[in-house]
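Novice: The structure under discussion is supplied below as structure tokens; questions concerning it will follow.
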Amino acid sequence: MLNLEKLINYRVMKYLENNQMYGTLNTFENETSLTRLTNNQRIERYNLVELILFDPQKLLDPQFYFNSYQSLKNWINTSLKLFQDELRVLLYPIFLHCYFDLIEKQKNERALEFFHKFKHDHLEKFPTELGLLQSITTKRQMETNNFATTTRSKKFNIILSSHSFELYFTFLQEMELDLLNKITYKYLNIRVISSNELRRYKIVDDNDETEGEKLALMTGETFEEIFSINSQKIEWGLLKNCIEDRVNEKRERELFEKKERILAITRKRKRTKAKQFVFQEPLNRTNSLIPAPKLTIQENNRRIEELSLSIDAGENNLPSICMFTLFNSQNKVNSVDISKDSRYITIGCSDSSVRYWDLTKQLEKKKSKKTNKKPDFSKVMHGHQGEVYSVKISPLNHSFVSVSQDGTARLWSFETDHCLSIYNGHNFPIWDVDFSPFGYYFVTGSMDKTAMLWSTDSERPHRLFVGHLSDVDCVKFHPNSNYVATGSSDRTVRLWSLSDGKCVRIFADMKGHKSGITSLAFSPDGQLLASGDEDGVICLWDIGKSMRIRKFNSHDNYITCMDFSVLNGNILASGSVDNTVKIWNVELARKNPIDIQRSKILKHKFQNVLLKTFPTKNTPVLHLGFSMRNILHASGVMTSDIPNNQEF
Amino acid sequence: MFLSTDSIKNIGHTVGVYSLKETVAAELSSDVEYRLRELIQDALKFTRHSRRARLTQEDINSALDLHGKYKILGHVKKETPKFQRVIGDQELFYLDEKIFELEELINAPLPLYPRNVSFSGHWLAVDGIQPRTLSNPQFQKVTKKQKKQQDQQRSKLDEEKRQANETGNIQQNGNENATGNENVNSIQEDKQQEQKKKQSNYLLEDLPLKRIRRRRRKQQESNEPNQIELEEATSTPQFDPRARKNPILSDVNLGTSTITAKITLKREDGINNILSNLNIPSQLDLKLLEQKVQIEEQQPPNDPKNKNNSSKDKNPRDESKLKSVHEEEENLVKMEKEKEVVIRHVLTQELQLYYDQVIKIVLTTSENEKLEKDLIEKEKEREQENNYFSNSSSSFSSLSSSSSTTTSQFGNKQWENKLKIIEEKKEYHQKYLRIILNDLSQNSGIVQLVPYFIQFIASKVRIYFNQISQLITLMQTTEALVMNPSIKLERYLHQLIPSIMTCALSVDSERDVNEDHWKMRDYAAQIIAKICSKYRRFPALQPNITSVLVAALVGADKRPLASQYGAIVCLQALGKNTINMLLLPNIEELLSQFEKIINQDKQKQQKKIHAIRCKTALLNSIGNILFDQTFTQFSSDSKPFNSLHLNVSNLYDLFGNRISPFVYSNRYHHTQSLL
């Protein structure tokens with residue numbers, strides 16, 4: 001279908017340009033009467049083409065949409081395998097906008113016809129989106145619909161290699177597909193990258209267990225903006241003088257002293273001086289960027305003591321998992337949280353109540369054995385006016401916060417069993433909440449596409465994080481409490497700075513998540529961020545380099561919770577609605593995939609990142625959390641009915 | 001289209017709009033569809049965030065609330081309402097709802113208060129191993145792939161071991177030869193060459209050709225040939241974490257395969273250092289390794305090719321290559337170091353406690369019995385004394401006699417109290433025994449305890465040989481173990497079956513005064529039948545058992561009647577086929593023997609009773625088979641026995657009228673079928 005001669009001419013020109021043979025190039029240009037263009041010029045030229053050569057009659061004919069989409073599809077299917085994957089990404093946005101164009105021109109029936117004719121190309125990859133699309137059948141609906149307005153106002157981000165971009169460009173010119181020109185110009189952000197860069201991407205992809213197909217992504221920012229955001233410097237290290245360092249210092253000192261004692265005997269003979277122990281703090285430690293009350297010395301010491309008792313979890317030292325199963329829930333338990341010292345268990349229920357158990361009290365009563373009956377010390381507290389979607393215990397262990405459908409968050413005290421304060425700010429249901437690791441601050445993510453930062457002593461939010469294109473489904477505090485990560489239904493994860501409320505990272509990868517983010521976790525050293533989605537895929541992102549380093553793909557249903565092991569963070573535990581807890585080897589995944597490719601020896605080992613799967617008995621896992629001693633607390637609700645996969 | 005224009009019109013009728021134009025209805029229906037889809041999409045969000053799989057009415061209500069619409073209020077039932085088709089109209093549906101009387105609803109008794117949310121804790125994993133308890137899912141099937149891998153590993157391991165043994169033998173011979181003859185030495189060399197051939201063959205089997213070629217090429221080029229083996233050792237897929245299921249096995253494999261690499265790396269560090277890097281499970285493997293090390297150390301000087309190569313080629317490129325290889329090796333060693341192999345003792349504290357508890361309760365049967373016996377004996381003694389005392393005191397004054405009666409009354413009361421206490425104890429014990437037996441027959445977590453239990457049963461059957469009740473409880477525990485679906489007793493059958501057979505066949509004149517021993521034999525027979533049916537896939541099992549039984553039966557004169565009884569019962573329990581094959585041929589002989597004893601006047605009463613028992617057992621089993629045989633003649637489902645080893649008429653001669661109940665029933669069936 002392509003004019004082969006012209007294509008070859010372009011290739012020759014490109015070759016000459018790359019090899020800097022400008023003399024030959026000029027003569028070649030003169031002889032073939034072709035002009036060489038930069039990428040930007042090309043796109044601008046589309047604009048010109050649209051303005052000058054645009055034929056309004058053609059565009060009014062709905063058949064033209066059918067023809068152009070069909071020809072693009074055919075062309076992609078017949079092109080070389082090498083470029084097919086890249087080019088196929090273009091199909092979905094063009095499909096979308098063709099449909100919307102048709103509806104905008106009020107050709108409703110033709111639009112439906114178009115939809116049903118070509119929907120099978122995208123049904124597998126975008127089931128929910130197509131469901132939404134199908135429901136929009138008139139122009140008026142399109143104007144009010146959330147999905148339609150966002151897709152019309154924002155641009156898709158697509159990465160193409162320079163060669164495939166050229167192919168696409170020549171194809172459009174050859175076929176005189178003005179319509180596709182227009183859509184490409186208006187609704188797509190095409191970033192052309194060199195083949196070297198592409199190779200880097202490919203290496204990351206090669207290490208994934210399953211070859212995923214690329215998907216077009218939409219973030220609302222252009223590539224340049226994303227790039228500038230992601231290239232900002234982030235101080236992801238832990239705070240200076242943090243607990244982890246103190247524990248490591250303690251351990252190293254003990255080791256050092258042991259060695260000294262052994263060496264002392266030999267040293268007497270040699271008469272050398274004993275070395276002084278010096279602990280070297282890692283270089284990346286940072287200061288806190290936001291004012292926050294410091295932990296009390298007692299609390300600090302308690303944490304250090306607890307942490308120093310922990311056993312390092314790793315590949316050969318898998319953790320123990322303590323499972324708390326909830327019974328008689330009658331489908332009303334929405335969220336569970338267990339405190340780090342495993343003293344409290346709180347649950348948020350769909351009957352708008354929150355409950356908690358104090359395990360130490362229960363133990364005391366059991367010991368005293370005054371009553372024969374099983375003690376049940378769940379305290380039930382009412383206050384919310386809608387379903388409670390998430391509860392979180394404060395790390396200081398005296399209160400917990402709950403968020404609800406009524407758009408409020410509430411702080412509850414363990415000591416008085418009463419609501420301490422109400423936080424009004426969101427207009428829509430709040431989905432998730434997370435406490436800062438030092439207490440005081442907490443962050444909420446809501447259906448209104450925003451996340452908010454609160455402190456426990458103020459009724460108004462301190463920061464508003466705006467940028468997601470869909471609901472903010474999950475939020476998580478960075479371990480140094482300077483940043484907050486949010487995951488959204490728009491398939492992206494963002495990292496926000498607390499000090500100025502700006503977005504500092506956008507984790508959006510064409511081969512990353514294919515559905516909404518449901519769960520987030522930071523590694524304890526603050527370097528890695530794990531995000532789980534509705535399909536059960538976990539992506540591991542490097543925050544400093546702002547790139548995806550691994551993709552774990554083994555769960556069958558959506559991931560509800562994840563957590564890294566304490567101190568070294570070598571292990572990631574993930575819980576899902578498919579009734580399993582899976583343990584992943586982060587230590588391996590952390591290794592640079594490029595280095596690993598060089599050393600072929602380790603490659604086969606690199607593949608086995610899934611260490612173990614623990615099935616539960618009909619119990620979807622709702623909460624996972626490593627305690628200070630590296631025992632994994634899991635909890636779930638026993639269900640009688642088998643969860644079905646959501647089907648379109 | 002969700003809704004047809006007709007249904008839109010119908011809905012219009014219900015609101016009071018009677019004249020809807022077709023176009024308006026179509027427009028409305030598309031809009032309604034859009035709204036509905038929007039609503040459902042939003043409701044699904046609520047469903048997901050409440051961690052549910054199913055959309056509920058409440059989710060729809062929440063979505064309605066979100067759009068500022070009124071919630072649908074109503075009496076929410078548990079079942080979701082159903083749409084029903086209007087009869088006669090294919091397109092029309094209606095909601096099948098009941099109309100509730102308000103008064104009825106108000107006056108209806110309140111439903112039961114729902115149970116409060118509660119929780120319980122258990123260990124999902126202990127140090128990465130999932131304990132097999134009831135609160136964890138029962139099955140953890142080994143997939144075929146894993147099985148294959150394990151088998152491969154095992155076979156590899158065996159091969160390596162065998163090889164290592166052979167080389168070890170050779171090595172020992174070699175050491176002797178160092179002081180001995182030169183002739184033997186030459187033979188020795190031949191052997192070693194053979195050995196090498198074998199090794200190369202072994203490598204050929206396992207490695208793809210490319211790698212071998214590369215290895216050979218490298219061997220020619222590089223000055224340290226052994227290092228290539230490192231690559232082989234590490235590139236064979238032994239690091240599969242799934243293979244860790246059998247930790248000892250996989251680690252042994254690891255050890256033997258990677259050790260070659262390490263030896264070349266750190267030869268100067270000595271064997272001990274290398275061995276300390278690895279945690280090798282058993283001493284046997286240590287020996288193997290040492291032998292390997294010796295081979296490795298001796299081989300290079302023996303090989304003339306290598307020597308020449310190493311002295312000749314020393315290219316700088318090769319060195320750099322080697323360096324990179326070295327780094328990789330070091331990495332590997334580091335990783336190996338991190339990989340600590342932990343071998344734990346299998347019994348956890350919980351299991352230990354469980355075992356102790358079970359044993360304690362099982363053994364209390366005999367204690368209770370003892371207590372009872374003691375009490376009865378004491379009472380007897382006391383009565384005798386009393387009798388003696390009253391007899392002697394009859395001549396004394398009435399005062400003393402009255403006192404004596406009071407004491408005896410008092411004693412009686414005390415005795416009764418004690419008896420009561422013991423009975424209570426017995427009841428209590430029975431209750432607990434039932435619980436424990438129930439648990440033993442279901443708990444999947446006690447697999448590790450099985451050898452202990454088997455040992456326990458075997459030893460206790462010997463010790464409590466003369467206590468029937470204790471033996472019965474022991475048999476009950478064995479039955480529970482046999483019935484447990486997750487326990488596999490194949491390896492312990494040889495220990496288990498003798499003790500059951502003792503219970504079934506053994507005779508003890510003192511013990512058998514108690515009537516219960518019949519019961520015990522019946523019970524043992526049942527267990528044997530259960531074992532035979534459960535482990536049917538071992539073809540030699542049942543014949544072995546039956547041969548013992550038949551020997552107990554037919555060595556007739558010398559055998560005591562009780563053990564014959566046991567054999568008959570066992571054979572009967574094993575099924576009709578066995579009765580047909582083994583009992584029927586001997587039936588005449590046996591019967592005549594029993595008849596003889598019964599008819600003799602001289603015989604002891606007890607022996608006669610035994611004989612009658614035996615005879616009834618025989619009759620029972622024959623009756624069983626007869627009934628079945630005659631019954632199957634009329635039902636086409638199952639095949640009748642082609643050949644009974646005895647004629648029915650013969651049986652009539654032997655048993656006379658006693659057999660008629662079985663035959664009568666068959667006649668009854670016959671007549672019925674005729675009718």
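Ligands are numbered from 1 in the order shown, chains are lettered A, B, ... in the order of the structure tokens, and residues start at 1 in each chain.
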Between chain A and chain B, at 6 Å or less, what are the per-residue closest atom pairs and their distances in Å? Count only C-alpha atoms, order by chain and rising residue number, and return it as a Markdown table.
Specialist:
```
| residue | atom | partner | partner_atom | distance |
| --- | --- | --- | --- | --- |
| A:Ser135 | CA | B:Tyr34 | CA | 4.8 |
| A:Asn316 | CA | B:Lys339 | CA | 6.0 |
| A:Leu318 | CA | B:Gly128 | CA | 4.5 |
| A:Pro319 | CA | B:Asp127 | CA | 5.0 |
| A:Ser320 | CA | B:Val126 | CA | 4.3 |
| A:Ile321 | CA | B:Ala125 | CA | 4.8 |
| A:Cys322 | CA | B:Trp123 | CA | 4.6 |
| A:Met323 | CA | B:His122 | CA | 5.3 |
| A:Phe324 | CA | B:Gly121 | CA | 4.3 |
| A:Thr325 | CA | B:Phe119 | CA | 5.4 |
| A:Leu326 | CA | B:Phe119 | CA | 4.2 |
| A:Phe327 | CA | B:Ser118 | CA | 5.4 |
| A:Asn328 | CA | B:Val117 | CA | 5.1 |
| A:Ser329 | CA | B:Val117 | CA | 5.4 |
| A:Asn334 | CA | B:Ser50 | CA | 4.6 |
| A:Thr616 | CA | B:Asn136 | CA | 6.0 |
| A:Lys617 | CA | B:Pro137 | CA | 4.9 |
| A:Pro643 | CA | B:Ala53 | CA | 5.1 |
```
Novice: Output the selection as a short mmCIF file (atom, residue, chain, number, x, y, z; two decimals), in the first residue's frame - all heavy atoms for each residue.
Specialist:
```cif
data_model
loop_
_atom_site.label_atom_id
_atom_site.label_comp_id
_atom_site.auth_asym_id
_atom_site.auth_seq_id
_atom_site.Cartn_x
_atom_site.Cartn_y
_atom_site.Cartn_z
N SER A 135 -22.09 3.49 26.50
CA SER A 135 -23.24 4.14 27.11
C SER A 135 -23.45 5.55 26.55
O SER A 135 -24.54 6.08 26.60
CB SER A 135 -23.07 4.19 28.62
OG SER A 135 -22.02 5.04 28.95
N ASN A 316 15.89 -16.70 52.17
CA ASN A 316 16.05 -17.97 52.87
C ASN A 316 15.41 -17.95 54.25
O ASN A 316 15.48 -18.91 54.98
CB ASN A 316 17.53 -18.28 53.02
CG ASN A 316 18.19 -18.30 51.69
OD1 ASN A 316 17.68 -18.90 50.77
ND2 ASN A 316 19.29 -17.60 51.59
N LEU A 318 12.06 -16.89 55.31
CA LEU A 318 10.72 -16.38 55.06
C LEU A 318 10.02 -16.07 56.38
O LEU A 318 10.28 -16.71 57.39
CB LEU A 318 9.91 -17.41 54.27
CG LEU A 318 10.42 -17.67 52.86
CD1 LEU A 318 9.58 -18.74 52.20
CD2 LEU A 318 10.38 -16.41 52.04
N PRO A 319 9.18 -15.08 56.37
CA PRO A 319 8.56 -14.67 57.62
C PRO A 319 7.44 -15.60 58.05
O PRO A 319 6.94 -16.40 57.26
CB PRO A 319 8.00 -13.29 57.27
CG PRO A 319 7.71 -13.37 55.81
CD PRO A 319 8.75 -14.27 55.23
N SER A 320 7.08 -15.50 59.31
CA SER A 320 5.88 -16.19 59.78
C SER A 320 4.69 -15.27 59.54
O SER A 320 4.82 -14.06 59.62
CB SER A 320 5.98 -16.48 61.27
OG SER A 320 7.12 -17.25 61.52
N ILE A 321 3.58 -15.88 59.24
CA ILE A 321 2.39 -15.07 58.99
C ILE A 321 1.33 -15.42 60.01
O ILE A 321 0.97 -16.58 60.19
CB ILE A 321 1.83 -15.33 57.58
CG1 ILE A 321 2.91 -15.10 56.53
CG2 ILE A 321 0.65 -14.43 57.32
CD1 ILE A 321 2.49 -15.48 55.14
N CYS A 322 0.87 -14.42 60.73
CA CYS A 322 -0.21 -14.63 61.68
C CYS A 322 -1.49 -14.11 61.04
O CYS A 322 -1.57 -12.95 60.66
CB CYS A 322 0.07 -13.88 62.97
SG CYS A 322 -1.11 -14.21 64.23
N MET A 323 -2.45 -15.00 60.89
CA MET A 323 -3.67 -14.63 60.16
C MET A 323 -4.81 -14.41 61.14
O MET A 323 -5.09 -15.27 61.97
CB MET A 323 -4.02 -15.77 59.20
CG MET A 323 -5.25 -15.52 58.39
SD MET A 323 -4.86 -14.78 56.82
CE MET A 323 -6.50 -14.38 56.25
N PHE A 324 -5.44 -13.27 61.05
CA PHE A 324 -6.63 -13.02 61.84
C PHE A 324 -7.84 -13.10 60.91
O PHE A 324 -7.97 -12.31 59.99
CB PHE A 324 -6.57 -11.64 62.48
CG PHE A 324 -5.49 -11.51 63.50
CD1 PHE A 324 -4.26 -10.99 63.17
CD2 PHE A 324 -5.70 -11.93 64.80
CE1 PHE A 324 -3.26 -10.88 64.10
CE2 PHE A 324 -4.70 -11.83 65.74
CZ PHE A 324 -3.48 -11.30 65.40
N THR A 325 -8.67 -14.10 61.15
CA THR A 325 -9.82 -14.28 60.29
C THR A 325 -11.06 -13.74 60.98
O THR A 325 -11.32 -14.07 62.14
CB THR A 325 -10.03 -15.77 59.98
OG1 THR A 325 -8.77 -16.32 59.64
CG2 THR A 325 -10.98 -15.94 58.83
N LEU A 326 -11.80 -12.94 60.26
CA LEU A 326 -13.03 -12.38 60.83
C LEU A 326 -14.21 -13.25 60.44
O LEU A 326 -14.33 -13.66 59.28
CB LEU A 326 -13.25 -10.97 60.33
CG LEU A 326 -12.23 -9.94 60.80
CD1 LEU A 326 -12.21 -8.75 59.88
CD2 LEU A 326 -12.53 -9.53 62.21
N PHE A 327 -15.05 -13.54 61.42
CA PHE A 327 -16.23 -14.37 61.15
C PHE A 327 -17.51 -13.55 61.32
O PHE A 327 -17.49 -12.49 61.92
CB PHE A 327 -16.26 -15.56 62.11
CG PHE A 327 -15.07 -16.45 61.98
CD1 PHE A 327 -14.06 -16.42 62.91
CD2 PHE A 327 -14.94 -17.30 60.90
CE1 PHE A 327 -12.96 -17.23 62.80
CE2 PHE A 327 -13.83 -18.11 60.76
CZ PHE A 327 -12.85 -18.08 61.72
N ASN A 328 -18.59 -14.11 60.85
CA ASN A 328 -19.93 -13.50 60.98
C ASN A 328 -19.95 -12.07 60.48
O ASN A 328 -20.56 -11.20 61.07
CB ASN A 328 -20.38 -13.49 62.45
CG ASN A 328 -20.22 -14.84 63.08
OD1 ASN A 328 -20.44 -15.84 62.43
ND2 ASN A 328 -19.82 -14.84 64.33
N SER A 329 -19.25 -11.80 59.41
CA SER A 329 -19.17 -10.41 58.99
C SER A 329 -20.43 -9.99 58.23
O SER A 329 -20.76 -8.83 58.19
CB SER A 329 -17.97 -10.20 58.11
OG SER A 329 -18.18 -10.83 56.87
N ASN A 334 -15.47 -3.69 55.61
CA ASN A 334 -14.85 -3.10 54.43
C ASN A 334 -13.35 -2.97 54.57
O ASN A 334 -12.63 -2.96 53.59
CB ASN A 334 -15.40 -1.70 54.17
CG ASN A 334 -16.79 -1.77 53.61
OD1 ASN A 334 -17.27 -2.84 53.26
ND2 ASN A 334 -17.46 -0.64 53.52
N THR A 616 -5.31 -19.04 51.56
CA THR A 616 -6.11 -19.01 52.78
C THR A 616 -7.39 -19.79 52.52
O THR A 616 -7.67 -20.17 51.40
CB THR A 616 -6.47 -17.58 53.16
OG1 THR A 616 -7.27 -17.03 52.11
CG2 THR A 616 -5.24 -16.73 53.33
N LYS A 617 -8.13 -19.99 53.58
CA LYS A 617 -9.33 -20.79 53.43
C LYS A 617 -10.50 -19.87 53.17
O LYS A 617 -11.10 -19.32 54.09
CB LYS A 617 -9.56 -21.59 54.72
CG LYS A 617 -10.33 -22.86 54.50
CD LYS A 617 -10.37 -23.64 55.78
CE LYS A 617 -11.01 -24.99 55.55
NZ LYS A 617 -11.12 -25.75 56.78
N PRO A 643 -15.64 -15.50 45.04
CA PRO A 643 -15.63 -14.26 44.28
C PRO A 643 -15.51 -14.53 42.79
O PRO A 643 -14.70 -15.33 42.35
CB PRO A 643 -14.40 -13.55 44.80
CG PRO A 643 -13.55 -14.60 45.38
CD PRO A 643 -14.46 -15.67 45.86
#
```
Novice: Just want the 10 Å neighbourhood of region 581-585 of chain A, counted on only C-alpha atoms, with same-chain residues fewer than 5 positions away dropped. Output as a PyMOL selection string.
Specialist: (chain A and resi 314-315+318-319+321+552+554-555+559+561-564+569-576+590+606+608-616+620-621+624+634) or (chain B and resi 124+128)
Novice: Of the candidates A:Met547, A:Val484, A:Ala313, A:Met638, which one gets nearest to Leu464 (chain A) if we count only C-alpha atoms?
Specialist: A:Val484
Novice: Could you please write out, as a PyMOL selection string, every residue of region 461-530 of chain A that DSSP assigns to strand (DSSP E or B)?
Specialist: chain A and resi 463-466+472-477+483-488+493-497+503-507+517-522+528-530
Novice: Quick one: write out the picked residues with C-alpha atoms as a PDB file, in the first residue's frame?
Specialist:
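As written to disk, again_29.pdb reads:
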```pdb
ATOM      1  CA  ARG A 463      -2.605  20.582  51.176  1.00  0.00           C
ATOM      2  CA  LEU A 464      -4.723  19.643  48.206  1.00  0.00           C
ATOM      3  CA  PHE A 465      -3.185  17.305  45.651  1.00  0.00           C
ATOM      4  CA  VAL A 466      -4.901  17.758  42.298  1.00  0.00           C
ATOM      5  CA  VAL A 472      -7.830   8.500  43.984  1.00  0.00           C
ATOM      6  CA  ASP A 473      -8.187   4.931  45.198  1.00  0.00           C
ATOM      7  CA  CYS A 474      -5.229   4.586  47.497  1.00  0.00           C
ATOM      8  CA  VAL A 475      -2.774   6.791  49.327  1.00  0.00           C
ATOM      9  CA  LYS A 476       0.462   6.077  51.113  1.00  0.00           C
ATOM     10  CA  PHE A 477       2.971   8.090  53.089  1.00  0.00           C
ATOM     11  CA  TYR A 483       6.149  12.726  50.245  1.00  0.00           C
ATOM     12  CA  VAL A 484       2.829  11.099  49.591  1.00  0.00           C
ATOM     13  CA  ALA A 485       2.006   8.598  46.855  1.00  0.00           C
ATOM     14  CA  THR A 486      -1.455   8.308  45.368  1.00  0.00           C
ATOM     15  CA  GLY A 487      -2.830   5.651  43.073  1.00  0.00           C
ATOM     16  CA  SER A 488      -5.797   6.256  40.886  1.00  0.00           C
ATOM     17  CA  VAL A 493       0.645   6.590  40.401  1.00  0.00           C
ATOM     18  CA  ARG A 494       1.773  10.035  41.459  1.00  0.00           C
ATOM     19  CA  LEU A 495       4.141  11.214  44.117  1.00  0.00           C
ATOM     20  CA  TRP A 496       3.516  14.539  45.788  1.00  0.00           C
ATOM     21  CA  SER A 497       5.760  16.697  47.864  1.00  0.00           C
ATOM     22  CA  CYS A 503       3.493  16.599  41.925  1.00  0.00           C
ATOM     23  CA  VAL A 504       7.074  15.374  41.824  1.00  0.00           C
ATOM     24  CA  ARG A 505       6.674  12.049  40.076  1.00  0.00           C
ATOM     25  CA  ILE A 506       4.244  10.526  37.632  1.00  0.00           C
ATOM     26  CA  PHE A 507       4.610   6.796  37.344  1.00  0.00           C
ATOM     27  CA  ILE A 517      -4.358   1.098  41.103  1.00  0.00           C
ATOM     28  CA  THR A 518      -5.707  -0.475  44.265  1.00  0.00           C
ATOM     29  CA  SER A 519      -2.780  -0.663  46.605  1.00  0.00           C
ATOM     30  CA  LEU A 520       0.576   0.993  47.296  1.00  0.00           C
ATOM     31  CA  ALA A 521       3.612   0.278  49.457  1.00  0.00           C
ATOM     32  CA  PHE A 522       6.972   1.933  50.044  1.00  0.00           C
ATOM     33  CA  LEU A 528      11.091   1.648  45.942  1.00  0.00           C
ATOM     34  CA  LEU A 529       7.382   1.996  45.462  1.00  0.00           C
ATOM     35  CA  ALA A 530       5.170  -0.974  44.748  1.00  0.00           C
TER      36      ALA A 530
END
```
Novice: Please compute the CA of Thr477 (chain B)-CA of Leu351 (chain B) distance, one decimal, in Å.
Specialist: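 Those two atoms sit 16.8 Å apart.
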Novice: Which polymer residues have any atom within 12 Å of an atom of region 459-462 of chain A, counting only C-alpha atoms, with same-chain residues fewer than 6 positions away left out, as a list in words?
Specialist: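 Near region 459-462 of chain A, the qualifying residues are Ile290, Pro291, Thr408, Ala409, Arg410, Leu411, Leu420, Ser421, Ile422, Tyr423, Asn424, Gly425, His426, Tyr441, Phe442, Val443, Thr444, Thr450, Ala451, Met452, Leu453, Leu498, Ser499, Asp500 and Gly501 of chain A.
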Novice: Take CA of Leu112 (chain B) and CA of Tyr356 (chain A) and report the distance between them in Å, one decimal.
Specialist: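 Straight-line distance from CA of Leu112 (chain B) to CA of Tyr356 (chain A) works out to 23.5 Å.
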Novice: May I ask for the distance between CA of Gly237 (chain A) and CA of Asn287 (chain A), given in Å to one decimal place?
Specialist: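 Atom-to-atom, CA of Gly237 (chain A) to CA of Asn287 (chain A), that is 9.3 Å.
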